[in-house]
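J.: Before I ask anything, here is the structure I am working with.
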Amino acid sequence: MVTTLAIETSCDETAVAIVSDRHVLSSVVSSQIDIHRQYGGVVPEVASRQHVETVNWAIAQALEQADLPWDGIDGVAATVAPGLVGALLVGLSAAKTLALLHQKPFLGVHHLEGHICASYLTEPTLESPFLCLLVSGGHTSLLHVQGCGHYTTLGQTHDDAAGEAFDKVARLLDLGYPGGPAIDRLAAQGNPQAYALPEGKISLPQGGYHPYDSSFSGLKTAVLRLTQSLQAQTPDLPVADLAASFQATVARSLTKRAIACALDHHLSTIVVGGGVAANSGLRQHLTAAASDKGLRVIFPPLKFCTDNAAMIACAAAEHLAHGRRSPLSLGVQSRMAVEDVLKLYA
Ligand code: KG4
Ligand code: ZN
């Protein structure tokens, strides 16, 4: 049994969790959304300061909820990449301090590996290989998961991430921040077939289209143009129909690529991770398409789709079980390929 305490501060959630193998003993998430909402997005400096103010409270809460003495904790982890550098540094400094103080191994964790591991928390028997559709605010990737720390990117977006597209479209429809949940709620009242929107495709030099890569910036521009032309015709913008049509287009695009990629690579399980995994349109569409093809699809519960520390603690526990730990000289990185995860460990 490997028990880890992890701190996640890569963006606008201060989160601390304790996980024992793949079982969550405690998970505390303090969201800064209400603070950043007034600016229409995350302000890095504000995020860092807020993490400093909240992290000690979150650590105390996680320890209290798990009701575990330090003797029961085998390692201390923090997200070290990718993310906002100032924000990551807060979690890193706190985790290193705790590791030194309590003489525990320290582990730096790649945020995207956390999103991959989120599904282990409800499917503890899940084993690689599988395909991971990773859809967050900063990333949209199809990853071949070969084992703990062994990942290959098979497909990715060439411009906006899926979550970024949700956030930008929500902004242009005046739905506020964060956009994903707002569009999801509104789409439930709209007609997904109301407007035909273009699915972004990536051309190949030899002709045809890339089967797994995606693009969302053209779709966002199409929604903008359509919105402007509708505004010229009517004072009552059909926002629910626009939200539903946009969401259905994203869900179709992601589903098509994930299914093709899984079948081509003989992977019978698709695991979804990241904030957009919470999207009800994607959940319905992908579940139905996967079942048609005889594929298994796993979505984490909503609380583990968006940023949390339980997924980071889970990734750390997997690495610690493989005998890996990070040097205390490890720093943070705003960008880092998920293929390079093993560079974090000695
Ligand atoms: O994984 P996450 O919490 O943070 C990153 O690592 O980026 O993902 C945040 C993203 C945001 O873009 C947010 O709008 C989107 O996930 N999101 C959703 C939903 N909930 C969160 N997008 C669509 N539908 C949702 N229900
Ligand atoms: Zn995330």
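Every chain in the structure tokens has a letter given in the order shown (A, B, ...), and although residue numbers restart at 1 in each chain, ligands are simply numbered from 1 in the order shown.
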Hey, which bits of chain A sit within 6 Å of ligand 1, and for each residue what's the closest pair of atoms and how far apart in Å (one decimal), counting only C-alpha atoms and all ligand atoms, rows by chain and increasing number, as a Markdown table?
T.:
| residue | atom | partner | partner_atom_place_in_ligand_line | distance |
| --- | --- | --- | --- | --- |
| A:Ser136 | CA | ligand 1 | 8 (O) | 4.0 |
| A:Gly137 | CA | ligand 1 | 7 (O) | 3.2 |
| A:Gly138 | CA | ligand 1 | 7 (O) | 4.7 |
| A:Gly163 | CA | ligand 1 | 12 (O) | 3.3 |
| A:Glu164 | CA | ligand 1 | 12 (O) | 4.8 |
| A:Phe166 | CA | ligand 1 | 14 (O) | 5.6 |
| A:Asp167 | CA | ligand 1 | 14 (O) | 5.1 |
| A:Pro178 | CA | ligand 1 | 14 (O) | 4.8 |
| A:Gly179 | CA | ligand 1 | 14 (O) | 4.6 |
| A:Gly180 | CA | ligand 1 | 22 (N) | 3.3 |
| A:Pro181 | CA | ligand 1 | 26 (N) | 4.0 |
| A:Asp184 | CA | ligand 1 | 24 (N) | 5.2 |
| A:Gly274 | CA | ligand 1 | 1 (O) | 3.9 |
| A:Gly275 | CA | ligand 1 | 16 (O) | 3.3 |
| A:Val276 | CA | ligand 1 | 22 (N) | 3.9 |
| A:Ala278 | CA | ligand 1 | 26 (N) | 4.4 |
| A:Asn279 | CA | ligand 1 | 24 (N) | 3.6 |
| A:Thr306 | CA | ligand 1 | 3 (O) | 3.4 |
| A:Asp307 | CA | ligand 1 | 3 (O) | 4.0 |
J.: Grab the residues selected above and save them as a PDB file, in the first residue's frame with N, CA, C and O atoms.
T.:
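The new file result_30.pdb reads:
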ATOM      1  N   SER A 136      -8.773  19.413 -21.800  1.00  0.00           N
ATOM      2  CA  SER A 136      -8.810  20.367 -20.690  1.00  0.00           C
ATOM      3  C   SER A 136      -8.809  21.788 -21.244  1.00  0.00           C
ATOM      4  O   SER A 136      -9.003  22.003 -22.444  1.00  0.00           O
ATOM      5  N   GLY A 137      -8.554  22.755 -20.355  1.00  0.00           N
ATOM      6  CA  GLY A 137      -8.524  24.147 -20.803  1.00  0.00           C
ATOM      7  C   GLY A 137      -7.291  24.448 -21.645  1.00  0.00           C
ATOM      8  O   GLY A 137      -7.299  25.364 -22.459  1.00  0.00           O
ATOM      9  N   GLY A 138      -6.228  23.687 -21.463  1.00  0.00           N
ATOM     10  CA  GLY A 138      -4.987  23.960 -22.185  1.00  0.00           C
ATOM     11  C   GLY A 138      -4.574  22.874 -23.164  1.00  0.00           C
ATOM     12  O   GLY A 138      -3.656  23.078 -23.957  1.00  0.00           O
ATOM     13  N   GLY A 163     -11.338  22.966 -24.211  1.00  0.00           N
ATOM     14  CA  GLY A 163     -11.848  23.792 -23.109  1.00  0.00           C
ATOM     15  C   GLY A 163     -11.722  25.281 -23.415  1.00  0.00           C
ATOM     16  O   GLY A 163     -12.608  26.082 -23.075  1.00  0.00           O
ATOM     17  N   GLU A 164     -10.623  25.621 -24.087  1.00  0.00           N
ATOM     18  CA  GLU A 164     -10.394  27.027 -24.481  1.00  0.00           C
ATOM     19  C   GLU A 164     -11.495  27.464 -25.459  1.00  0.00           C
ATOM     20  O   GLU A 164     -11.998  28.591 -25.372  1.00  0.00           O
ATOM     21  N   PHE A 166     -14.540  26.262 -25.599  1.00  0.00           N
ATOM     22  CA  PHE A 166     -15.756  26.464 -24.787  1.00  0.00           C
ATOM     23  C   PHE A 166     -15.701  27.831 -24.114  1.00  0.00           C
ATOM     24  O   PHE A 166     -16.689  28.568 -24.094  1.00  0.00           O
ATOM     25  N   ASP A 167     -14.535  28.163 -23.531  1.00  0.00           N
ATOM     26  CA  ASP A 167     -14.419  29.430 -22.802  1.00  0.00           C
ATOM     27  C   ASP A 167     -14.564  30.636 -23.739  1.00  0.00           C
ATOM     28  O   ASP A 167     -15.228  31.622 -23.403  1.00  0.00           O
ATOM     29  N   PRO A 178     -16.201  30.315 -15.837  1.00  0.00           N
ATOM     30  CA  PRO A 178     -15.677  29.572 -16.977  1.00  0.00           C
ATOM     31  C   PRO A 178     -16.795  29.162 -17.929  1.00  0.00           C
ATOM     32  O   PRO A 178     -17.930  28.919 -17.511  1.00  0.00           O
ATOM     33  N   GLY A 179     -16.450  29.071 -19.200  1.00  0.00           N
ATOM     34  CA  GLY A 179     -17.465  28.913 -20.232  1.00  0.00           C
ATOM     35  C   GLY A 179     -18.041  27.521 -20.365  1.00  0.00           C
ATOM     36  O   GLY A 179     -19.232  27.375 -20.691  1.00  0.00           O
ATOM     37  N   GLY A 180     -17.220  26.497 -20.117  1.00  0.00           N
ATOM     38  CA  GLY A 180     -17.667  25.121 -20.346  1.00  0.00           C
ATOM     39  C   GLY A 180     -18.970  24.785 -19.623  1.00  0.00           C
ATOM     40  O   GLY A 180     -19.964  24.419 -20.255  1.00  0.00           O
ATOM     41  N   PRO A 181     -18.981  24.940 -18.288  1.00  0.00           N
ATOM     42  CA  PRO A 181     -20.209  24.588 -17.557  1.00  0.00           C
ATOM     43  C   PRO A 181     -21.412  25.439 -18.002  1.00  0.00           C
ATOM     44  O   PRO A 181     -22.544  24.944 -18.061  1.00  0.00           O
ATOM     45  N   ASP A 184     -22.659  24.079 -21.309  1.00  0.00           N
ATOM     46  CA  ASP A 184     -23.254  22.766 -21.038  1.00  0.00           C
ATOM     47  C   ASP A 184     -24.692  22.930 -20.506  1.00  0.00           C
ATOM     48  O   ASP A 184     -25.626  22.267 -20.971  1.00  0.00           O
ATOM     49  N   GLY A 274      -9.717  15.435 -17.920  1.00  0.00           N
ATOM     50  CA  GLY A 274      -9.682  16.889 -18.112  1.00  0.00           C
ATOM     51  C   GLY A 274     -11.059  17.502 -17.950  1.00  0.00           C
ATOM     52  O   GLY A 274     -12.081  16.797 -17.986  1.00  0.00           O
ATOM     53  N   GLY A 275     -11.080  18.832 -17.771  1.00  0.00           N
ATOM     54  CA  GLY A 275     -12.330  19.528 -17.482  1.00  0.00           C
ATOM     55  C   GLY A 275     -13.458  19.260 -18.480  1.00  0.00           C
ATOM     56  O   GLY A 275     -14.625  19.148 -18.089  1.00  0.00           O
ATOM     57  N   VAL A 276     -13.125  19.132 -19.758  1.00  0.00           N
ATOM     58  CA  VAL A 276     -14.172  18.933 -20.776  1.00  0.00           C
ATOM     59  C   VAL A 276     -14.769  17.519 -20.695  1.00  0.00           C
ATOM     60  O   VAL A 276     -15.846  17.262 -21.240  1.00  0.00           O
ATOM     61  N   ALA A 278     -16.190  16.572 -18.294  1.00  0.00           N
ATOM     62  CA  ALA A 278     -17.431  16.809 -17.536  1.00  0.00           C
ATOM     63  C   ALA A 278     -18.587  17.155 -18.470  1.00  0.00           C
ATOM     64  O   ALA A 278     -19.743  17.189 -18.041  1.00  0.00           O
ATOM     65  N   ASN A 279     -18.295  17.410 -19.741  1.00  0.00           N
ATOM     66  CA  ASN A 279     -19.342  17.896 -20.652  1.00  0.00           C
ATOM     67  C   ASN A 279     -20.383  16.815 -20.962  1.00  0.00           C
ATOM     68  O   ASN A 279     -20.037  15.726 -21.450  1.00  0.00           O
ATOM     69  N   THR A 306     -12.452  18.045 -13.503  1.00  0.00           N
ATOM     70  CA  THR A 306     -11.772  19.345 -13.385  1.00  0.00           C
ATOM     71  C   THR A 306     -10.627  19.210 -12.368  1.00  0.00           C
ATOM     72  O   THR A 306     -10.497  18.190 -11.687  1.00  0.00           O
ATOM     73  N   ASP A 307      -9.804  20.262 -12.285  1.00  0.00           N
ATOM     74  CA  ASP A 307      -8.581  20.154 -11.498  1.00  0.00           C
ATOM     75  C   ASP A 307      -8.828  19.790 -10.032  1.00  0.00           C
ATOM     76  O   ASP A 307      -9.691  20.359  -9.373  1.00  0.00           O
TER      77      ASP A 307
END
J.: I'd like the contact shell of range 319-324 of chain A - 7 Å cut-off, only C-alpha atoms, skipping same-chain residues fewer than 3 positions apart - returned as a list of chain:residue names.
T.: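 Once the nearby chain positions are removed, what remains is A:Val2, A:Cys148, A:Ala315, A:Ala316, A:Tyr345, A:Ala346.
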J.: What is the distance between CA of Ile312 in chain A and CA of Val19 in chain A, in Å to one decimal?
T.: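 According to the coordinates, CA of Ile312 in chain A and CA of Val19 in chain A are separated by 9.1 Å.
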J.: Would you list the contacts of range 327-342 of chain A as a PyMOL selection string, taking every protein, DNA or RNA residue within 6 Å and counting only C-alpha atoms, but skipping same-chain residues closer than 2 positions in sequence?
T.: chain A and resi 80-85+149+151+344-345
J.: Hey, can you check how far CA of Lys220 in chain A sits from CA of Ser31 in chain A?
T.: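 It comes out at 26.8 Å.
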